[in-house]
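Asks: Next comes work.txt, compact mmCIF, C-alpha atoms:
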```txt
# COMPACT_ATOMS: atom_id res chain seq x y z
CA MET A 1 45.90 -47.29 24.53
CA GLU A 2 42.56 -45.82 25.56
CA GLN A 3 43.66 -42.40 24.34
CA GLU A 4 44.59 -43.87 20.95
CA LEU A 5 41.17 -45.53 20.63
CA PHE A 6 39.46 -42.26 21.52
CA SER A 7 41.58 -40.43 18.92
CA LEU A 8 40.77 -43.03 16.23
CA LYS A 9 37.06 -42.84 17.04
CA LYS A 10 37.18 -39.05 16.78
CA GLU A 11 38.91 -39.28 13.38
CA LEU A 12 36.37 -41.84 12.20
CA ASP A 13 33.49 -39.60 13.32
CA THR A 14 35.06 -36.68 11.46
CA LEU A 15 35.36 -38.80 8.29
CA HIS A 16 31.73 -39.88 8.58
CA ASP A 17 30.67 -36.24 8.93
CA ASP A 18 32.77 -35.26 5.91
CA ILE A 19 31.29 -38.06 3.80
CA ARG A 20 27.78 -37.07 4.86
CA THR A 21 28.45 -33.43 3.96
CA LEU A 22 29.84 -34.43 0.54
CA LYS A 23 26.81 -36.66 -0.09
CA ILE A 24 24.43 -33.80 0.77
CA GLN A 25 26.32 -31.42 -1.52
CA GLN A 26 26.32 -33.97 -4.35
CA ASP A 27 22.59 -34.59 -3.93
CA TRP A 28 21.92 -30.83 -4.07
CA ASN A 29 24.13 -30.34 -7.13
CA THR A 30 22.26 -33.03 -9.04
CA SER A 31 18.75 -32.24 -7.77
CA VAL A 32 15.91 -31.34 -10.10
CA LEU A 33 14.94 -28.55 -7.69
CA LYS A 34 18.33 -26.83 -8.04
CA HIS A 35 18.32 -27.06 -11.83
CA GLY A 36 14.70 -25.90 -11.98
CA LEU A 37 15.42 -22.89 -9.77
CA VAL A 38 18.48 -21.91 -11.79
CA ILE A 39 16.55 -22.22 -15.06
CA PHE A 40 13.66 -20.18 -13.63
CA MET A 41 16.00 -17.46 -12.30
CA ASN A 42 17.81 -17.42 -15.64
CA TYR A 43 14.49 -16.85 -17.40
CA LEU A 44 13.51 -14.04 -15.01
CA ILE A 45 16.85 -12.26 -15.43
CA MET A 46 16.65 -12.55 -19.23
CA LEU A 47 13.05 -11.36 -19.16
CA ILE A 48 13.90 -8.30 -17.08
CA LEU A 49 16.93 -7.50 -19.24
CA MET A 50 14.98 -7.82 -22.47
CA TYR A 51 12.13 -5.74 -21.06
CA ILE A 52 14.59 -2.99 -20.04
CA LEU A 53 16.23 -3.12 -23.48
CA ASN A 54 12.78 -2.81 -25.05
CA ILE A 55 13.12 -6.01 -27.06
CA GLU A 56 10.00 -7.22 -28.85
CA SER A 57 8.15 -10.10 -27.15
CA PRO A 58 10.44 -10.33 -24.11
CA PHE A 59 8.48 -13.27 -22.67
CA ILE A 60 9.20 -15.37 -25.74
CA SER A 61 12.66 -13.93 -26.42
CA ALA A 62 13.82 -14.81 -22.90
CA LEU A 63 13.15 -18.48 -23.64
CA LEU A 64 16.05 -18.84 -26.08
CA PRO A 65 18.94 -18.20 -23.64
CA THR A 66 17.07 -20.11 -20.94
CA LEU A 67 16.65 -23.16 -23.15
CA GLY A 68 20.29 -22.86 -24.18
CA TYR A 69 21.34 -23.00 -20.55
CA ALA A 70 19.02 -25.93 -19.80
CA ILE A 71 20.29 -27.97 -22.76
CA THR A 72 23.90 -27.19 -21.89
CA SER A 73 23.56 -28.19 -18.26
CA ILE A 74 21.78 -31.42 -19.16
CA SER A 75 24.45 -32.26 -21.78
CA LEU A 76 27.31 -31.52 -19.42
CA ASN A 77 26.04 -34.04 -16.88
CA SER A 78 26.06 -36.75 -19.57
CA ILE A 79 29.49 -35.72 -20.80
CA LYS A 80 30.76 -35.72 -17.21
CA LYS A 81 29.70 -39.36 -16.75
CA TYR A 82 31.66 -40.43 -19.83
CA TRP A 83 34.65 -38.34 -18.77
CA ILE A 84 34.71 -40.00 -15.34
CA ILE A 85 34.48 -43.47 -16.88
CA TYR A 86 37.26 -42.69 -19.37
CA THR A 87 39.53 -40.86 -16.94
CA TYR A 88 39.24 -43.32 -14.07
CA SER A 89 38.97 -46.60 -15.95
CA GLU A 90 41.62 -49.22 -15.15
CA ASN A 91 43.13 -48.95 -18.65
CA ASN A 92 43.80 -45.23 -18.23
CA SER A 93 44.85 -45.22 -14.57
CA LYS A 94 47.34 -42.53 -13.83
```
Would you write the structure of this file as structure tokens?
Replies:
Amino acid sequence: MEQELFSLKKELDTLHDDIRTLKIQQDWNTSVLKHGLVIFMNYLIMLILMYILNIESPFISALLPTLGYAITSISLNSIKKYWIIYTYSENNSK
């Protein structure tokens, strides 16, 4: 009996750790810092590429793909919310 309780407590602790890890990962994936860093790195990479390719006004030209990425990532988060609601609503339960 005592061994079973110890085993259950260990499983419960493992589940708590897993939930905590998932929460941390979710918080990072939705953080403004992460999106800001990715957008900034995207801009730098585009800037370097356009400078190497000798494109006119690389500082301004690098904004277009960077803004495209930013708009796409912002839109996808909104679309994801609607997809989750639609997919996991009680009317559409699988």
Asks: One decimal, Å: what's the distance from CA of Met50 (chain A) over to CA of Leu64 (chain A), could you say?
Replies: 11.6 Å
Asks: Enter the distance from CA of Leu37 (chain A) to CA of Ile24 (chain A), in Å, rounded to one decimal.
Replies: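 CA of Leu37 (chain A) sits 17.6 Å away from CA of Ile24 (chain A).
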Asks: Can you work out the spacing between CA of Gly36 (chain A) and CA of Ile71 (chain A) in Å, to one decimal?
Replies: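 So the answer is 12.3 Å.
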